[in-house]
Amino acid sequence: MKYYLNLILICVCAQLFSQEQTSQLSATIIGSGSPKYNTERSGPSVLISYQDTKILVDMGNGTQANLDKIDVNFKSIDGLLFTHHHLDHNEEFVPIFIKSLLGGNTFVIAGPEPTTAFVESTLTIYEKDINYRLAKSKRTLDDVKSKFTIKELNGSEAFTIGEIKVSSVNVNHTIETVAYRFEAGGKSIVVSGDLTYSESLPVLAKNVDYLIIDSGGAVAMGSKVRTNSTRTNGSKKERAHVNLSESSLMAKEANAKHLILTHFTATTIDEEATTAELRKNYAGDISYAHDLMTIPYDENITSKLEATVSTKSLNMSTNSSKSAPSFTKMLSRMDANNDGKLSKDEAKGKLKTNFDKRDKNKDGYITTDEFKGNH
Ligand SMILES: [Zn+2]
């Protein structure tokens, strides 16, 4: 009985979360990782939401699982956008595309070359499978083909998806790559995709509220700052990603209000060392993406989501041998100096965002008692 009550509570909370986050233009980091498989960071993907409109930018490994965690139905996605066609950015497109087709929603697919060829070859390969599944509702592939449009982008297109205005520019990477700007309700968000320094990006991101950018050069916990010279010395290999001096320079040139780094290779980032490098050029707000982080940060939504996760972990600890992340686990992951409590510098993700609220006695540390006392 308790199990079902908890399940209902989780559903209600997820519903609240998914409804409220669309009241203003927002971005949810669906995956903050890289090609390297990482259970804590799914492959690159960002969900842009405003009112009833939802746009998915890139679909890396784990996108479907993380969309499911925040109760986003494939039928409700209005745009499937690619920044580029490296495998880590498009590997879950095929299942998401086919589920969208079967769901019968109207949607836009956009991205640089070879977006059209990717969609058409998918339809060719899966034609019999799609027709078999559509036959159950007396539909055929031809019936649903009119439900989506493909835009192959060349670098200066602007279009509208639902309530959201979308602009794109080409950026420098190893293959055709675009960056996107999303605008709605007086707010703006730019997603850079993978890139090296690109003059087009600060133009696209001029005065943007949130610039979500390739984290190239971010310092992994326990490793040294990689300077520009060490990065370029000794290798003639074509560079694929920015370094911190380039990403912070573009953010400064754009006059971006808030810089969010994503696409991390490492699980734990030395935020202090990384921020120190970024601060040489950029004075605005800096955040480090983690999976399912929502921008802008909304205290109400986040506390509801935390309540959901907390209920889930309580449920799991009483009903199953598997346990969800506890404070002990957080400690083992984040407590860099092993003093049994977490300072703001050590805290990661939502714990860091909510640090001041959790640190009840305001001594600069979160202890086990303070963590428990908040629930
Ligand atoms: Zn790439």
# chains A, B, ... in the order shown; residues from 1 in each chain; ligands from 1
call {"tool": "residues_near_ligand", "arguments": {"ligand": "ligand 1", "cutoff": "9 Å", "atoms": "only C-alpha atoms and all ligand atoms", "output": "JSON, numbers by chain"}}
result
{"A": [35, 83, 84, 85, 86, 87, 88, 89, 173, 174, 175, 177, 193, 194, 195, 240, 241]}
call {"tool": "residues_around", "arguments": {"residues": "A:Asn66", "least_positions_apart": "2", "cutoff": "10 Å", "atoms": "only C-alpha atoms", "output": "ChimeraX atom specification"}}
result
/A:29-31,42,45,61-64,68-72,291-292
call {"tool": "closest_residue", "arguments": {"among": "A:Met330, A:Val57, A:Leu25, A:Ala205", "to": "A:Lys257", "atoms": "only C-alpha atoms"}}
result
A:Ala205
call {"tool": "select_by_dssp", "arguments": {"residues": "stretch 131-299 of chain A", "states": "helix (DSSP H, G or I)", "output": "number ranges by chain"}}
result
A: 131-135, 141-145, 200-204, 228-232, 244-254, 271-278, 299
call {"tool": "closest_residue", "arguments": {"among": "A:Asn243, A:Asn172, A:Asp335, A:Arg279", "to": "A:Val219", "atoms": "only C-alpha atoms"}}
result
A:Asn243
call {"tool": "closest_atom_pairs", "arguments": {"of": "stretch 181-218 of chain A", "to": "stretch 269-272 of chain A", "cutoff": "12 Å", "atoms": "only C-alpha atoms", "output": "tab-separated table"}}
result
residue	atom	partner	partner_atom	distance
A:Ser215	CA	A:Ile269	CA	10.3
A:Gly216	CA	A:Ile269	CA	11.8
A:Gly217	CA	A:Ile269	CA	10.7
A:Ala218	CA	A:Ile269	CA	7.0
call {"tool": "select_by_dssp", "arguments": {"residues": "stretch 26-155 of chain A", "states": "strand (DSSP E or B)", "output": "JSON, numbers by chain"}}
result
{"A": [26, 27, 28, 29, 30, 31, 45, 46, 47, 48, 49, 50, 53, 54, 55, 56, 57, 79, 80, 81, 107, 108, 109, 110, 111, 112, 148, 149, 150, 151, 152, 153]}
call {"tool": "write_last_selection", "arguments": {"atoms": "N, CA and C atoms", "output": "short mmCIF file (atom, residue, chain, number, x, y, z; two decimals), in the first residue's frame"}}
result
data_model
loop_
_atom_site.label_atom_id
_atom_site.label_comp_id
_atom_site.auth_asym_id
_atom_site.auth_seq_id
_atom_site.Cartn_x
_atom_site.Cartn_y
_atom_site.Cartn_z
N SER A 26 12.73 27.79 -20.61
CA SER A 26 13.67 27.08 -19.73
C SER A 26 14.44 26.03 -20.51
N ALA A 27 15.57 25.65 -19.96
CA ALA A 27 16.36 24.58 -20.54
C ALA A 27 16.60 23.53 -19.47
N THR A 28 16.34 22.28 -19.78
CA THR A 28 16.67 21.19 -18.86
C THR A 28 17.81 20.40 -19.49
N ILE A 29 18.89 20.28 -18.75
CA ILE A 29 20.02 19.50 -19.26
C ILE A 29 19.63 18.03 -19.13
N ILE A 30 19.35 17.40 -20.25
CA ILE A 30 18.95 15.99 -20.22
C ILE A 30 20.21 15.12 -20.08
N GLY A 31 21.25 15.49 -20.78
CA GLY A 31 22.53 14.78 -20.65
C GLY A 31 23.67 15.77 -20.64
N SER A 45 22.33 16.32 -24.50
CA SER A 45 20.94 16.59 -24.88
C SER A 45 20.41 17.71 -23.98
N VAL A 46 19.66 18.64 -24.59
CA VAL A 46 19.05 19.73 -23.83
C VAL A 46 17.59 19.84 -24.25
N LEU A 47 16.70 19.96 -23.29
CA LEU A 47 15.28 20.15 -23.60
C LEU A 47 14.92 21.61 -23.37
N ILE A 48 14.47 22.29 -24.43
CA ILE A 48 14.05 23.69 -24.32
C ILE A 48 12.52 23.69 -24.23
N SER A 49 11.98 24.38 -23.23
CA SER A 49 10.52 24.38 -23.03
C SER A 49 9.99 25.78 -22.86
N TYR A 50 8.82 26.02 -23.40
CA TYR A 50 8.09 27.26 -23.14
C TYR A 50 6.62 26.99 -23.37
N THR A 53 5.31 24.26 -25.77
CA THR A 53 6.29 23.88 -26.80
C THR A 53 7.53 23.24 -26.17
N LYS A 54 7.95 22.13 -26.75
CA LYS A 54 9.16 21.45 -26.27
C LYS A 54 10.06 21.12 -27.45
N ILE A 55 11.34 21.49 -27.32
CA ILE A 55 12.32 21.22 -28.38
C ILE A 55 13.50 20.47 -27.75
N LEU A 56 13.86 19.37 -28.40
CA LEU A 56 14.99 18.58 -27.91
C LEU A 56 16.20 18.87 -28.80
N VAL A 57 17.30 19.33 -28.18
CA VAL A 57 18.52 19.62 -28.93
C VAL A 57 19.52 18.51 -28.64
N GLY A 79 10.04 19.64 -31.59
CA GLY A 79 11.23 19.81 -32.43
C GLY A 79 12.32 18.86 -32.02
N LEU A 80 12.92 18.18 -33.01
CA LEU A 80 14.10 17.34 -32.76
C LEU A 80 15.24 17.99 -33.53
N LEU A 81 16.16 18.62 -32.80
CA LEU A 81 17.23 19.41 -33.45
C LEU A 81 18.59 18.77 -33.20
N PHE A 107 5.80 17.54 -35.84
CA PHE A 107 7.08 18.03 -35.32
C PHE A 107 8.04 18.41 -36.44
N VAL A 108 9.08 19.14 -36.04
CA VAL A 108 10.10 19.61 -36.96
C VAL A 108 11.40 18.88 -36.63
N ILE A 109 12.11 18.48 -37.69
CA ILE A 109 13.47 17.93 -37.49
C ILE A 109 14.40 18.92 -38.16
N ALA A 110 15.42 19.39 -37.47
CA ALA A 110 16.34 20.36 -38.08
C ALA A 110 17.77 20.07 -37.66
N GLY A 111 18.68 20.38 -38.55
CA GLY A 111 20.10 20.20 -38.24
C GLY A 111 20.92 20.37 -39.51
N PRO A 112 22.23 20.40 -39.35
CA PRO A 112 23.08 20.55 -40.52
C PRO A 112 23.15 19.24 -41.32
N PHE A 148 5.75 15.46 -40.10
CA PHE A 148 7.00 16.14 -39.75
C PHE A 148 7.61 16.84 -40.96
N THR A 149 8.37 17.89 -40.69
CA THR A 149 9.11 18.57 -41.76
C THR A 149 10.59 18.53 -41.40
N ILE A 150 11.42 18.48 -42.44
CA ILE A 150 12.87 18.45 -42.22
C ILE A 150 13.45 19.77 -42.70
N LYS A 151 14.28 20.37 -41.86
CA LYS A 151 15.01 21.59 -42.27
C LYS A 151 16.50 21.26 -42.21
N GLU A 152 17.13 21.24 -43.37
CA GLU A 152 18.59 21.04 -43.36
C GLU A 152 19.22 22.43 -43.32
N LEU A 153 19.94 22.72 -42.26
CA LEU A 153 20.39 24.08 -42.01
C LEU A 153 21.76 24.36 -42.63
#
call {"tool": "residues_around", "arguments": {"residues": "A:Lys147", "least_positions_apart": "5", "cutoff": "8 Å", "atoms": "only C-alpha atoms", "output": "NGL selection string"}}
result
:A and (101 or 104-107)
call {"tool": "closest_residue", "arguments": {"among": "A:Ala289, A:Tyr126, A:Thr268, A:Lys344", "to": "A:Asp363", "atoms": "only C-alpha atoms"}}
result
A:Lys344
call {"tool": "residues_around", "arguments": {"residues": "A:Ser245", "least_positions_apart": "3", "cutoff": "9 Å", "atoms": "only C-alpha atoms", "output": "VMD selection string"}}
result
chain A and resid 217 227 to 228 242 248 to 250 277 to 278 280 to 281
call {"tool": "write_last_selection", "arguments": {"atoms": "C-alpha atoms", "output": "PDB file, in the first residue's frame"}}
result
ATOM      1  CA  GLY A 217      39.241  22.513 -21.014  1.00  0.00           C
ATOM      2  CA  THR A 227      46.594  25.865 -20.401  1.00  0.00           C
ATOM      3  CA  ASN A 228      46.315  26.917 -24.033  1.00  0.00           C
ATOM      4  CA  VAL A 242      37.255  25.166 -27.136  1.00  0.00           C
ATOM      5  CA  SER A 248      34.991  32.612 -21.593  1.00  0.00           C
ATOM      6  CA  LEU A 249      36.097  35.054 -24.311  1.00  0.00           C
ATOM      7  CA  MET A 250      33.046  34.233 -26.437  1.00  0.00           C
ATOM      8  CA  GLU A 277      40.326  30.184 -15.521  1.00  0.00           C
ATOM      9  CA  LEU A 278      36.975  31.438 -16.845  1.00  0.00           C
ATOM     10  CA  LYS A 280      40.225  35.753 -16.536  1.00  0.00           C
ATOM     11  CA  ASN A 281      37.793  36.816 -19.273  1.00  0.00           C
TER      12      ASN A 281
END
